[in-house]
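Asks: File name run27.tsv; file contents TSV, C-alpha atoms; full text below.
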```
chain	number	residue	atom	x	y	z
C	1	MET	CA	38.87	-2.41	-21.97
C	2	GLY	CA	38.97	-0.79	-18.59
C	3	PHE	CA	36.39	-0.33	-15.92
C	4	PRO	CA	34.60	3.01	-15.89
C	5	ASP	CA	36.23	6.12	-14.48
C	6	ARG	CA	32.89	7.89	-14.60
C	7	ILE	CA	29.25	7.14	-14.13
C	8	GLU	CA	26.64	9.31	-15.80
C	9	ARG	CA	22.85	9.38	-15.55
C	10	THR	CA	20.26	11.76	-16.91
C	11	VAL	CA	16.67	11.93	-15.77
C	12	GLU	CA	13.84	14.28	-16.64
C	13	ILE	CA	11.89	15.62	-13.72
C	14	ALA	CA	8.49	17.29	-14.06
C	15	HIS	CA	9.43	20.22	-11.84
C	16	PRO	CA	11.27	23.48	-12.45
C	17	PRO	CA	15.02	23.71	-11.72
C	18	ALA	CA	14.45	25.82	-8.59
C	19	LYS	CA	12.53	23.00	-6.95
C	20	VAL	CA	15.05	20.34	-7.99
C	21	TRP	CA	17.86	22.61	-6.78
C	22	ALA	CA	16.26	22.82	-3.34
C	23	ALA	CA	15.96	19.03	-3.16
C	24	LEU	CA	19.68	18.68	-3.99
C	25	THR	CA	21.14	21.44	-1.87
C	26	THR	CA	19.15	21.70	1.35
C	27	ALA	CA	19.39	19.55	4.46
C	28	GLU	CA	15.67	18.94	4.24
C	29	GLY	CA	15.91	17.71	0.64
C	30	LEU	CA	19.06	15.61	0.97
C	31	GLY	CA	17.81	14.15	4.23
C	32	THR	CA	14.61	12.97	2.60
C	33	TRP	CA	15.31	11.40	-0.78
C	34	PHE	CA	19.01	10.56	-0.38
C	35	GLY	CA	19.97	10.10	3.24
C	36	ASN	CA	17.72	9.81	6.25
C	37	GLN	CA	19.20	12.96	7.74
C	38	ALA	CA	21.51	15.64	6.37
C	39	THR	CA	23.40	18.78	7.21
C	40	ILE	CA	24.86	21.15	4.63
C	41	ASP	CA	26.92	24.33	4.57
C	42	LEU	CA	26.13	25.39	1.02
C	43	ARG	CA	29.24	27.18	-0.25
C	44	PRO	CA	32.38	26.06	-2.06
C	45	GLY	CA	34.58	24.49	0.63
C	46	GLY	CA	31.60	23.89	2.88
C	47	ALA	CA	30.83	20.53	4.42
C	48	ALA	CA	27.77	18.37	4.08
C	49	ARG	CA	26.90	15.09	5.71
C	50	MET	CA	24.21	12.54	5.09
C	51	THR	CA	23.44	9.83	7.58
C	52	TRP	CA	21.37	6.73	7.18
C	53	THR	CA	19.39	5.00	9.90
C	54	GLU	CA	21.30	1.74	9.31
C	55	GLY	CA	24.34	3.55	10.67
C	56	HIS	CA	26.53	4.65	7.78
C	57	GLN	CA	27.20	8.20	6.73
C	58	ALA	CA	28.67	10.14	3.82
C	59	ASP	CA	30.76	13.26	4.27
C	60	MET	CA	30.89	15.63	1.34
C	61	ARG	CA	32.98	18.67	0.54
C	62	ILE	CA	31.04	21.17	-1.55
C	63	GLU	CA	32.97	22.29	-4.63
C	64	ARG	CA	30.58	24.14	-6.97
C	65	VAL	CA	27.47	26.12	-6.14
C	66	GLU	CA	26.00	27.85	-9.18
C	67	GLU	CA	22.34	28.16	-8.39
C	68	PRO	CA	20.24	26.78	-9.99
C	69	ARG	CA	22.40	25.02	-12.58
C	70	VAL	CA	25.46	23.32	-11.15
C	71	PHE	CA	26.04	21.68	-7.79
C	72	GLY	CA	29.24	19.71	-7.24
C	73	PHE	CA	30.89	17.96	-4.33
C	74	THR	CA	33.57	15.40	-3.64
C	75	TRP	CA	33.25	12.44	-1.35
C	76	HIS	CA	35.12	9.39	-0.25
C	77	ILE	CA	35.33	6.49	-2.71
C	78	TYR	CA	32.78	3.90	-1.69
C	79	GLY	CA	34.40	0.81	-0.23
C	80	LEU	CA	37.90	2.17	0.26
C	81	PRO	CA	39.32	2.47	3.79
C	82	ASP	CA	38.46	5.68	5.65
C	83	ASP	CA	42.05	6.93	5.59
C	84	ASP	CA	42.36	6.59	1.81
C	85	PRO	CA	42.74	10.11	0.41
C	86	ARG	CA	41.11	9.40	-2.95
C	87	ARG	CA	37.73	10.97	-3.59
C	88	THR	CA	35.29	10.99	-6.46
C	89	TYR	CA	33.69	14.18	-7.78
C	90	VAL	CA	29.93	14.31	-8.16
C	91	GLU	CA	28.36	17.02	-10.27
C	92	PHE	CA	24.66	17.66	-10.76
C	93	THR	CA	23.68	19.77	-13.76
C	94	LEU	CA	20.16	21.15	-14.00
C	95	GLU	CA	18.87	22.17	-17.39
C	96	PRO	CA	15.44	23.76	-17.85
C	97	VAL	CA	13.35	21.91	-20.44
C	98	ALA	CA	9.71	22.22	-21.49
C	99	ALA	CA	8.72	19.31	-19.25
C	100	GLY	CA	10.57	20.68	-16.22
C	101	THR	CA	14.23	19.88	-15.57
C	102	ARG	CA	16.76	17.63	-17.20
C	103	LEU	CA	19.01	16.53	-14.37
C	104	THR	CA	22.38	14.97	-15.13
C	105	VAL	CA	24.60	13.47	-12.47
C	106	VAL	CA	28.21	12.62	-13.27
C	107	GLU	CA	30.44	10.92	-10.75
C	108	SER	CA	34.05	10.74	-11.87
C	109	GLY	CA	37.41	9.68	-10.50
C	110	PHE	CA	36.88	5.98	-9.87
C	111	ALA	CA	39.98	5.11	-11.90
C	112	GLN	CA	42.29	7.63	-10.27
C	113	LEU	CA	45.40	6.53	-8.51
C	114	PRO	CA	47.31	9.70	-7.78
C	115	GLU	CA	50.94	9.28	-8.78
C	116	GLU	CA	51.88	11.67	-6.06
C	117	GLY	CA	51.73	10.01	-2.70
C	118	HIS	CA	51.14	6.72	-4.48
C	119	HIS	CA	54.28	5.10	-3.12
C	120	THR	CA	53.75	6.53	0.31
C	121	ALA	CA	50.28	5.06	0.36
C	122	TYR	CA	51.55	1.72	-0.87
C	123	ASP	CA	54.41	1.57	1.58
C	124	GLY	CA	52.12	2.67	4.35
C	125	ASN	CA	49.61	0.01	3.52
C	126	THR	CA	52.24	-2.68	3.24
C	127	ARG	CA	53.52	-1.81	6.68
C	128	GLY	CA	49.95	-1.78	7.89
C	129	TRP	CA	48.82	-2.83	11.28
C	130	ALA	CA	51.96	-4.67	12.32
C	131	SER	CA	53.81	-1.38	12.16
C	132	GLU	CA	51.05	0.58	13.90
C	133	LEU	CA	51.12	-1.95	16.71
C	134	GLY	CA	54.92	-1.74	16.84
C	135	GLU	CA	54.65	2.03	17.26
C	136	LEU	CA	52.10	1.59	20.02
C	137	VAL	CA	54.49	-0.76	21.85
C	138	ASP	CA	57.34	1.76	21.47
C	139	TYR	CA	55.10	4.53	22.74
C	140	LEU	CA	54.03	2.53	25.78
C	141	ASP	CA	57.60	1.42	26.49
C	142	ALA	CA	58.76	5.05	26.48
C	143	ALA	CA	56.01	6.17	28.86
K	1	MET	CA	42.53	3.16	-15.54
K	2	GLN	CA	46.15	2.50	-16.30
K	3	PRO	CA	46.96	-0.91	-17.78
K	4	ASP	CA	49.12	-1.98	-14.85
K	5	HIS	CA	46.25	-1.26	-12.47
K	6	GLU	CA	43.98	-3.29	-14.68
K	7	ALA	CA	46.50	-6.16	-14.46
K	8	ILE	CA	46.79	-5.82	-10.69
K	9	ALA	CA	43.02	-5.90	-10.27
K	10	GLU	CA	42.79	-8.92	-12.55
K	11	GLN	CA	45.30	-10.82	-10.41
K	12	VAL	CA	43.27	-10.05	-7.32
K	13	PHE	CA	40.05	-11.27	-8.92
K	14	VAL	CA	41.74	-14.40	-10.29
K	15	ALA	CA	43.17	-15.14	-6.84
K	16	LEU	CA	39.81	-14.63	-5.17
K	17	ALA	CA	38.04	-16.89	-7.65
K	18	ASP	CA	39.79	-19.93	-6.17
K	19	PRO	CA	38.33	-21.17	-2.85
K	20	THR	CA	41.69	-22.32	-1.46
K	21	ARG	CA	43.42	-19.05	-2.22
K	22	ARG	CA	40.42	-17.18	-0.87
K	23	ALA	CA	40.70	-19.12	2.39
K	24	ILE	CA	44.45	-18.40	2.62
K	25	LEU	CA	44.00	-14.67	1.98
K	26	ALA	CA	41.11	-14.54	4.44
K	27	ALA	CA	43.23	-16.23	7.11
K	28	LEU	CA	46.11	-13.78	6.56
K	29	ALA	CA	43.69	-10.84	6.64
K	30	SER	CA	41.96	-11.92	9.83
K	31	SER	CA	44.90	-13.25	11.83
K	32	GLY	CA	48.00	-11.60	10.38
K	33	PRO	CA	51.25	-12.99	8.94
K	34	ALA	CA	51.62	-16.77	9.03
K	35	THR	CA	53.80	-19.60	7.72
K	36	ALA	CA	52.48	-22.39	5.48
K	37	THR	CA	52.59	-24.67	8.53
K	38	ASP	CA	50.52	-22.23	10.62
K	39	LEU	CA	47.94	-22.05	7.87
K	40	ALA	CA	47.85	-25.85	7.44
K	41	ASP	CA	47.01	-26.13	11.14
K	42	ARG	CA	44.10	-23.77	10.74
K	43	LEU	CA	42.68	-24.64	7.34
K	44	PRO	CA	41.38	-27.95	6.01
K	45	ILE	CA	44.04	-27.88	3.29
K	46	THR	CA	47.33	-29.78	3.04
K	47	ARG	CA	50.56	-27.94	3.77
K	48	GLN	CA	51.80	-28.76	0.28
K	49	ALA	CA	48.75	-27.21	-1.37
K	50	ILE	CA	49.04	-24.14	0.86
K	51	ALA	CA	52.74	-23.74	0.05
K	52	LYS	CA	52.00	-23.97	-3.66
K	53	HIS	CA	49.27	-21.33	-3.49
K	54	LEU	CA	51.37	-19.03	-1.29
K	55	ALA	CA	54.21	-19.18	-3.81
K	56	LEU	CA	51.78	-18.24	-6.55
K	57	LEU	CA	50.28	-15.40	-4.48
K	58	ALA	CA	53.77	-14.09	-3.69
K	59	GLU	CA	54.69	-14.20	-7.37
K	60	VAL	CA	51.82	-11.86	-8.30
K	61	GLY	CA	52.43	-9.62	-5.29
K	62	LEU	CA	49.32	-10.35	-3.23
K	63	VAL	CA	51.43	-11.61	-0.32
K	64	THR	CA	55.04	-10.93	0.63
K	65	ALA	CA	57.42	-13.53	1.95
K	66	GLU	CA	59.54	-12.57	4.95
K	67	PRO	CA	61.82	-14.44	7.34
K	68	GLY	CA	59.88	-15.96	10.22
K	69	GLU	CA	60.85	-17.88	13.33
K	70	ARG	CA	62.91	-21.10	13.10
K	71	ARG	CA	64.00	-20.17	9.56
K	72	ARG	CA	60.50	-20.60	8.20
K	73	VAL	CA	59.11	-18.29	5.56
K	74	ARG	CA	56.27	-16.21	6.83
K	75	TYR	CA	53.69	-14.65	4.52
K	76	ARG	CA	52.02	-11.31	4.92
K	77	LEU	CA	49.00	-10.00	3.03
K	78	ARG	CA	49.65	-6.97	0.79
K	79	SER	CA	46.73	-4.61	0.96
K	80	ALA	CA	47.78	-2.32	-1.92
K	81	PRO	CA	46.59	-4.60	-4.78
K	82	MET	CA	43.33	-5.21	-2.92
K	83	GLN	CA	42.75	-1.46	-2.82
K	84	VAL	CA	43.30	-1.23	-6.56
K	85	ALA	CA	40.73	-3.99	-7.09
K	86	GLN	CA	38.39	-2.23	-4.70
K	87	GLN	CA	38.31	0.78	-7.01
K	88	PHE	CA	36.84	-1.40	-9.74
K	89	LEU	CA	34.22	-2.61	-7.33
K	90	ALA	CA	33.51	0.94	-6.17
K	91	ALA	CA	32.31	1.96	-9.63
K	92	LEU	CA	30.13	-1.13	-9.83
K	93	ALA	CA	28.82	-0.72	-6.31
K	94	ARG	CA	27.81	2.91	-6.76
K	95	ASN	CA	24.07	3.08	-7.11
K	96	TRP	CA	22.73	6.24	-8.72
K	97	ASP	CA	19.59	4.69	-10.20
K	98	GLY	CA	18.01	4.15	-6.78
K	99	PRO	CA	18.62	7.67	-5.42
K	100	LEU	CA	17.49	9.32	-8.67
K	101	GLU	CA	14.26	7.32	-8.56
K	102	ALA	CA	13.86	8.39	-4.95
K	103	LEU	CA	14.41	12.04	-5.95
K	104	ARG	CA	11.67	11.83	-8.58
K	105	ASP	CA	9.34	10.19	-6.08
K	106	HIS	CA	10.20	12.84	-3.49
K	107	LEU	CA	9.34	15.68	-5.87
K	108	GLY	CA	6.30	13.89	-7.24
K	109	ARG	CA	6.54	12.81	-10.87
```
Could the structure of this file be written out as structure tokens, please?

Replies:
Amino acid sequence: MGFPDRIERTVEIAHPPAKVWAALTTAEGLGTWFGNQATIDLRPGGAARMTWTEGHQADMRIERVEEPRVFGFTWHIYGLPDDDPRRTYVEFTLEPVAAGTRLTVVESGFAQLPEEGHHTAYDGNTRGWASELGELVDYLDAA
Amino acid sequence: MQPDHEAIAEQVFVALADPTRRAILAALASSGPATATDLADRLPITRQAIAKHLALLAEVGLVTAEPGERRRVRYRLRSAPMQVAQQFLAALARNWDGPLEALRDHLGR
């Protein structure tokens, strides 16, 4: 039995999809309930960033914008080094219901380990800092 | 998650569950490659115990053995298995319940 590749949650919110959509996709919304501040360029390929007052930040790449039903982005896998290329995909789905909106969030890709570039990443990581420092020494020697 | 990744992660968690091995891995992570003798100087653990644990860690691929000075074996931490284990932790560490509660509070229930 493996660990989860995806996380899924559904909540019902007593507001229409348009209002929930605004909370999910505007700097004002994201910077209030999720981060402490946010910027967003709302289009596929656009960038968004949330920052928290404790000092950390999350950079997102917007993937799907289908107002007011689907909003998707990818972001860095929590806890992995900054230079790790793996990202998880987060998708919010908004469904109108009598009580307001049924909001589902699915985050997937935790179990990925891309076969391509896998060995490069491994070799790179094995070489690690010792090699980086060796390159720095070579660079300084050459200068 | 592929079975071999599951096995790799398990080896990391098993290694980390032991305080001596945790101390050895922590020393290699913070100060870089070291011989069993180097580690025995720094840790309150006998050289024999350290050598035994290092051999075990090398066997499961969490450290690599390489030739060091004066024909001593030097051990280096391998970060790749740790990153596989980190993926397991990433799924557990992701908190969606908190933000979704905050969203409902923000909009007013």

Asks: For C:Thr39, please output as a PyMOL selection string all residues within 7 Å (counting only C-alpha atoms; exclusion window: fewer than 2 positions along the same chain).

Replies: chain C and resi 27+48-50

Asks: Selected residues, C-alpha atoms, written as a PDB file, in the coordinates of the input, please.

Replies:
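The file below, part-v3.pdb, is the result:
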```pdb
ATOM      1  CA  ALA C  27      19.390  19.550   4.460  1.00  0.00           C
ATOM      2  CA  ALA C  48      27.770  18.370   4.080  1.00  0.00           C
ATOM      3  CA  ARG C  49      26.900  15.090   5.710  1.00  0.00           C
ATOM      4  CA  MET C  50      24.210  12.540   5.090  1.00  0.00           C
TER       5      MET C  50
END
```

Asks: Residues of chain K near chain C: apply a cut-off of 7 Å, count all atoms listed in the file, and supply the list as a PyMOL selection string.

Replies: chain K and resi 1+6+78-80+83+86-88+90-91+99+102-104+106+109

Asks: Extending 6 Å beyond the listed atoms of stretch 49-55 of chain K on each side, what axis-aligned box results? I want centre and edge lengths in Å to one decimal, as JSON.

Replies:
```
{"center_x": 51.5, "center_y": -23.1, "center_z": -1.5, "size_x": 17.5, "size_y": 20.2, "size_z": 16.7}
```

Asks: Report as a count of residues only all protein, DNA and RNA residues lying within 8 Å of K:Ile8, evaluated on all atoms listed in the file, omitting residues in the same chain fewer than 3 positions from it.

Replies: 7

Asks: Would you kindly return, as an mmCIF file with C-alpha atoms, keeping the file's coordinate frame, each protein, DNA or RNA residue with an atom no farther than 9 Å from any atom of stretch 52-54 of chain C, considering only C-alpha atoms and excluding same-chain residues fewer than 3 positions away?

Replies:
```
data_model
loop_
_atom_site.group_PDB
_atom_site.id
_atom_site.type_symbol
_atom_site.label_atom_id
_atom_site.label_comp_id
_atom_site.auth_asym_id
_atom_site.auth_seq_id
_atom_site.Cartn_x
_atom_site.Cartn_y
_atom_site.Cartn_z
ATOM 1 C CA GLY C 31 17.810 14.150 4.230
ATOM 2 C CA PHE C 34 19.010 10.560 -0.380
ATOM 3 C CA GLY C 35 19.970 10.100 3.240
ATOM 4 C CA ASN C 36 17.720 9.810 6.250
ATOM 5 C CA GLN C 37 19.200 12.960 7.740
ATOM 6 C CA ALA C 38 21.510 15.640 6.370
ATOM 7 C CA GLN C 57 27.200 8.200 6.730
ATOM 8 C CA ALA C 58 28.670 10.140 3.820
#
```

Asks: Restricting the calculation to all atoms listed in the file: of K:Glu66, K:Val14, K:Tyr75, K:Ile50, which residue gets closest to K:Ala34?

Replies: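 That would be K:Tyr75, the residue with the smallest distance to K:Ala34.
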